[in-house]
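**Q** The structure file run-v6.cif (mmCIF, N, CA and C atoms) is provided below.
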data_start
#
loop_
_atom_site.label_atom_id
_atom_site.label_comp_id
_atom_site.auth_asym_id
_atom_site.auth_seq_id
_atom_site.Cartn_x
_atom_site.Cartn_y
_atom_site.Cartn_z
N MET V 164 21.11 -146.42 172.19
CA MET V 164 21.70 -145.86 170.97
C MET V 164 20.93 -146.35 169.73
N VAL V 165 20.62 -147.64 169.71
CA VAL V 165 19.89 -148.20 168.56
C VAL V 165 18.49 -147.62 168.51
N LYS V 166 17.87 -147.45 169.68
CA LYS V 166 16.52 -146.88 169.71
C LYS V 166 16.53 -145.46 169.18
N THR V 167 17.52 -144.67 169.54
CA THR V 167 17.60 -143.29 169.07
C THR V 167 17.83 -143.26 167.56
N GLY V 168 18.71 -144.12 167.07
CA GLY V 168 18.97 -144.18 165.63
C GLY V 168 17.72 -144.61 164.87
N THR V 169 17.02 -145.59 165.42
CA THR V 169 15.78 -146.06 164.78
C THR V 169 14.74 -144.95 164.77
N TYR V 170 14.63 -144.22 165.87
CA TYR V 170 13.67 -143.11 165.95
C TYR V 170 13.96 -142.06 164.88
N PHE V 171 15.22 -141.66 164.75
CA PHE V 171 15.56 -140.65 163.75
C PHE V 171 15.35 -141.17 162.33
N ALA V 172 15.66 -142.44 162.11
CA ALA V 172 15.47 -143.02 160.78
C ALA V 172 13.98 -143.07 160.44
N MET V 173 13.15 -143.44 161.40
CA MET V 173 11.71 -143.49 161.15
C MET V 173 11.15 -142.09 160.95
N THR V 174 11.65 -141.13 161.71
CA THR V 174 11.20 -139.75 161.56
C THR V 174 11.56 -139.22 160.18
N LEU V 175 12.79 -139.48 159.75
CA LEU V 175 13.22 -139.04 158.42
C LEU V 175 12.39 -139.74 157.34
N GLY V 176 12.16 -141.03 157.49
CA GLY V 176 11.34 -141.77 156.52
C GLY V 176 9.92 -141.22 156.44
N ALA V 177 9.34 -140.90 157.61
CA ALA V 177 7.99 -140.34 157.62
C ALA V 177 7.96 -138.98 156.95
N PHE V 178 8.98 -138.17 157.19
CA PHE V 178 9.05 -136.85 156.58
C PHE V 178 9.15 -136.96 155.05
N ILE V 179 10.01 -137.84 154.58
CA ILE V 179 10.18 -138.02 153.13
C ILE V 179 8.88 -138.53 152.52
N PHE V 180 8.24 -139.49 153.19
CA PHE V 180 6.97 -140.02 152.70
C PHE V 180 5.92 -138.91 152.64
N TRP V 181 5.83 -138.08 153.68
CA TRP V 181 4.85 -136.99 153.75
C TRP V 181 5.07 -136.00 152.60
N GLN V 182 6.33 -135.65 152.37
CA GLN V 182 6.64 -134.71 151.29
C GLN V 182 6.31 -135.29 149.92
N SER V 183 6.60 -136.57 149.72
CA SER V 183 6.31 -137.17 148.42
C SER V 183 4.80 -137.26 148.21
N MET V 184 4.03 -137.57 149.25
CA MET V 184 2.58 -137.63 149.12
C MET V 184 2.01 -136.24 148.83
N ASP V 185 2.60 -135.22 149.42
CA ASP V 185 2.17 -133.85 149.14
C ASP V 185 2.37 -133.52 147.67
N LYS V 186 3.51 -133.91 147.13
CA LYS V 186 3.78 -133.65 145.71
C LYS V 186 2.84 -134.45 144.81
N VAL V 187 2.53 -135.67 145.22
CA VAL V 187 1.59 -136.49 144.44
C VAL V 187 0.21 -135.85 144.44
N HIS V 188 -0.23 -135.35 145.60
CA HIS V 188 -1.54 -134.71 145.66
C HIS V 188 -1.60 -133.45 144.80
N VAL V 189 -0.52 -132.67 144.79
CA VAL V 189 -0.47 -131.48 143.95
C VAL V 189 -0.53 -131.88 142.49
N TRP V 190 0.20 -132.92 142.10
CA TRP V 190 0.20 -133.37 140.71
C TRP V 190 -1.19 -133.83 140.31
N ILE V 191 -1.86 -134.58 141.18
CA ILE V 191 -3.21 -135.07 140.87
C ILE V 191 -4.17 -133.89 140.70
N ALA V 192 -4.08 -132.90 141.59
CA ALA V 192 -4.97 -131.74 141.49
C ALA V 192 -4.74 -130.98 140.19
N LEU V 193 -3.49 -130.78 139.81
CA LEU V 193 -3.19 -130.09 138.55
C LEU V 193 -3.71 -130.89 137.36
N HIS V 194 -3.54 -132.19 137.41
CA HIS V 194 -4.00 -133.05 136.32
C HIS V 194 -5.52 -132.97 136.18
N GLN V 195 -6.22 -132.95 137.31
CA GLN V 195 -7.67 -132.86 137.27
C GLN V 195 -8.11 -131.49 136.73
N ASP V 196 -7.39 -130.43 137.10
CA ASP V 196 -7.72 -129.10 136.58
C ASP V 196 -7.54 -129.06 135.07
N GLU V 197 -6.45 -129.63 134.57
CA GLU V 197 -6.21 -129.66 133.14
C GLU V 197 -7.30 -130.45 132.43
N LYS V 198 -7.69 -131.56 133.02
CA LYS V 198 -8.74 -132.39 132.41
C LYS V 198 -10.06 -131.63 132.36
N GLN V 199 -10.39 -130.92 133.44
CA GLN V 199 -11.63 -130.14 133.49
C GLN V 199 -11.61 -129.03 132.43
N GLU V 200 -10.48 -128.34 132.29
CA GLU V 200 -10.37 -127.29 131.27
C GLU V 200 -10.54 -127.87 129.88
N ARG V 201 -9.94 -129.03 129.62
CA ARG V 201 -10.06 -129.66 128.31
C ARG V 201 -11.51 -130.04 128.02
N LEU V 202 -12.20 -130.59 129.01
CA LEU V 202 -13.60 -130.96 128.82
C LEU V 202 -14.47 -129.72 128.56
N GLU V 203 -14.17 -128.61 129.26
CA GLU V 203 -14.93 -127.38 129.04
C GLU V 203 -14.69 -126.85 127.63
N LYS V 204 -13.45 -126.90 127.16
CA LYS V 204 -13.15 -126.44 125.79
C LYS V 204 -13.85 -127.31 124.76
N GLU V 205 -13.86 -128.62 124.97
CA GLU V 205 -14.53 -129.51 124.04
C GLU V 205 -16.03 -129.25 124.02
N ALA V 206 -16.61 -128.99 125.17
CA ALA V 206 -18.05 -128.69 125.24
C ALA V 206 -18.34 -127.38 124.50
N GLU V 207 -17.48 -126.38 124.66
CA GLU V 207 -17.67 -125.10 123.96
C GLU V 207 -17.56 -125.31 122.44
N ILE V 208 -16.62 -126.12 122.01
CA ILE V 208 -16.45 -126.40 120.59
C ILE V 208 -17.71 -127.09 120.04
N ARG V 209 -18.24 -128.07 120.78
CA ARG V 209 -19.46 -128.75 120.33
C ARG V 209 -20.63 -127.78 120.26
N ARG V 210 -20.72 -126.88 121.23
CA ARG V 210 -21.82 -125.91 121.25
C ARG V 210 -21.74 -124.97 120.04
N VAL V 211 -20.54 -124.45 119.78
CA VAL V 211 -20.37 -123.53 118.65
C VAL V 211 -20.60 -124.26 117.33
N ARG V 212 -20.11 -125.50 117.23
CA ARG V 212 -20.31 -126.28 116.01
C ARG V 212 -21.80 -126.50 115.77
N GLY V 213 -22.55 -126.80 116.83
CA GLY V 213 -23.99 -126.99 116.70
C GLY V 213 -24.68 -125.72 116.25
N GLU V 214 -24.27 -124.57 116.81
CA GLU V 214 -24.85 -123.29 116.39
C GLU V 214 -24.57 -123.02 114.92
N LEU V 215 -23.32 -123.27 114.49
CA LEU V 215 -22.97 -123.03 113.09
C LEU V 215 -23.74 -123.95 112.15
N LEU V 216 -23.90 -125.20 112.55
CA LEU V 216 -24.68 -126.13 111.72
C LEU V 216 -26.13 -125.68 111.64
N GLN V 217 -26.67 -125.21 112.76
CA GLN V 217 -28.05 -124.73 112.77
C GLN V 217 -28.21 -123.51 111.86
N GLN V 218 -27.23 -122.58 111.92
CA GLN V 218 -27.28 -121.40 111.07
C GLN V 218 -27.18 -121.79 109.60
N ALA V 219 -26.30 -122.74 109.29
CA ALA V 219 -26.15 -123.18 107.91
C ALA V 219 -27.42 -123.85 107.42
N LYS V 220 -28.07 -124.60 108.29
CA LYS V 220 -29.31 -125.26 107.94
C LYS V 220 -30.40 -124.23 107.65
N GLU V 221 -30.48 -123.19 108.50
CA GLU V 221 -31.48 -122.14 108.30
C GLU V 221 -31.22 -121.36 107.02
N ARG V 222 -29.95 -121.10 106.72
CA ARG V 222 -29.63 -120.39 105.47
C ARG V 222 -30.00 -121.23 104.27
N GLY V 223 -29.74 -122.52 104.37
CA GLY V 223 -30.07 -123.44 103.25
C GLY V 223 -31.57 -123.49 103.04
N GLU V 224 -32.35 -123.46 104.10
CA GLU V 224 -33.80 -123.49 103.97
C GLU V 224 -34.33 -122.17 103.43
N SER V 225 -33.70 -121.05 103.83
CA SER V 225 -34.19 -119.77 103.35
C SER V 225 -33.85 -119.54 101.88
N LEU V 226 -32.78 -120.16 101.40
CA LEU V 226 -32.40 -120.02 100.00
C LEU V 226 -33.29 -120.89 99.11
N ALA V 227 -33.76 -121.97 99.62
CA ALA V 227 -34.54 -122.93 98.83
C ALA V 227 -35.95 -122.44 98.58
#
Rewrite the coordinates I just gave you, this time as structure tokens.
**A**
Amino acid sequence: MVKTGTYFAMTLGAFIFWQSMDKVHVWIALHQDEKQERLEKEAEIRRVRGELLQQAKERGESLA
């Protein structure tokens, strides 16, 4: 009887652990996706800012 109870308790514990690890892995993957998107947006902003500065520099030289 004790062995059967222990078996079911361990099975339930393993199931709960497995489900929680699955949720943790999903959360980590989503967090990494958000971080990657943020880095891509920041890179695009830097690229556009550089282009605008270059254009402003060229306009300033052409006016002078």
**Q** Could you please determine the separation between CA of Gly213 in chain V and CA of Glu197 in chain V in Å, to one decimal place?
**A**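 Separation between CA of Gly213 in chain V and CA of Glu197 in chain V: 24.4 Å.
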**Q** Could you check how far atom C of Thr169 in chain V sits from atom N of Gln182 in chain V, in Å to one decimal?
**A**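 Here the two named atoms are 17.6 Å from each other.
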**Q** Rounded to one decimal place, report the atom N of His188 in chain V-atom N of Glu207 in chain V distance in Å.
**A**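 Distance between the two atoms: 28.6 Å.
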**Q** Taking all atoms of range 205-211 of chain V that the file lists, what box with edges along x, y and z, padded by 8 Å per side, do you get, with centre and edge lengths in Å to one decimal, as AutoDock Vina command-line options?
**A**
--center_x -17.8 --center_y -126.5 --center_z 121.3 --size_x 24.0 --size_y 22.0 --size_z 23.9
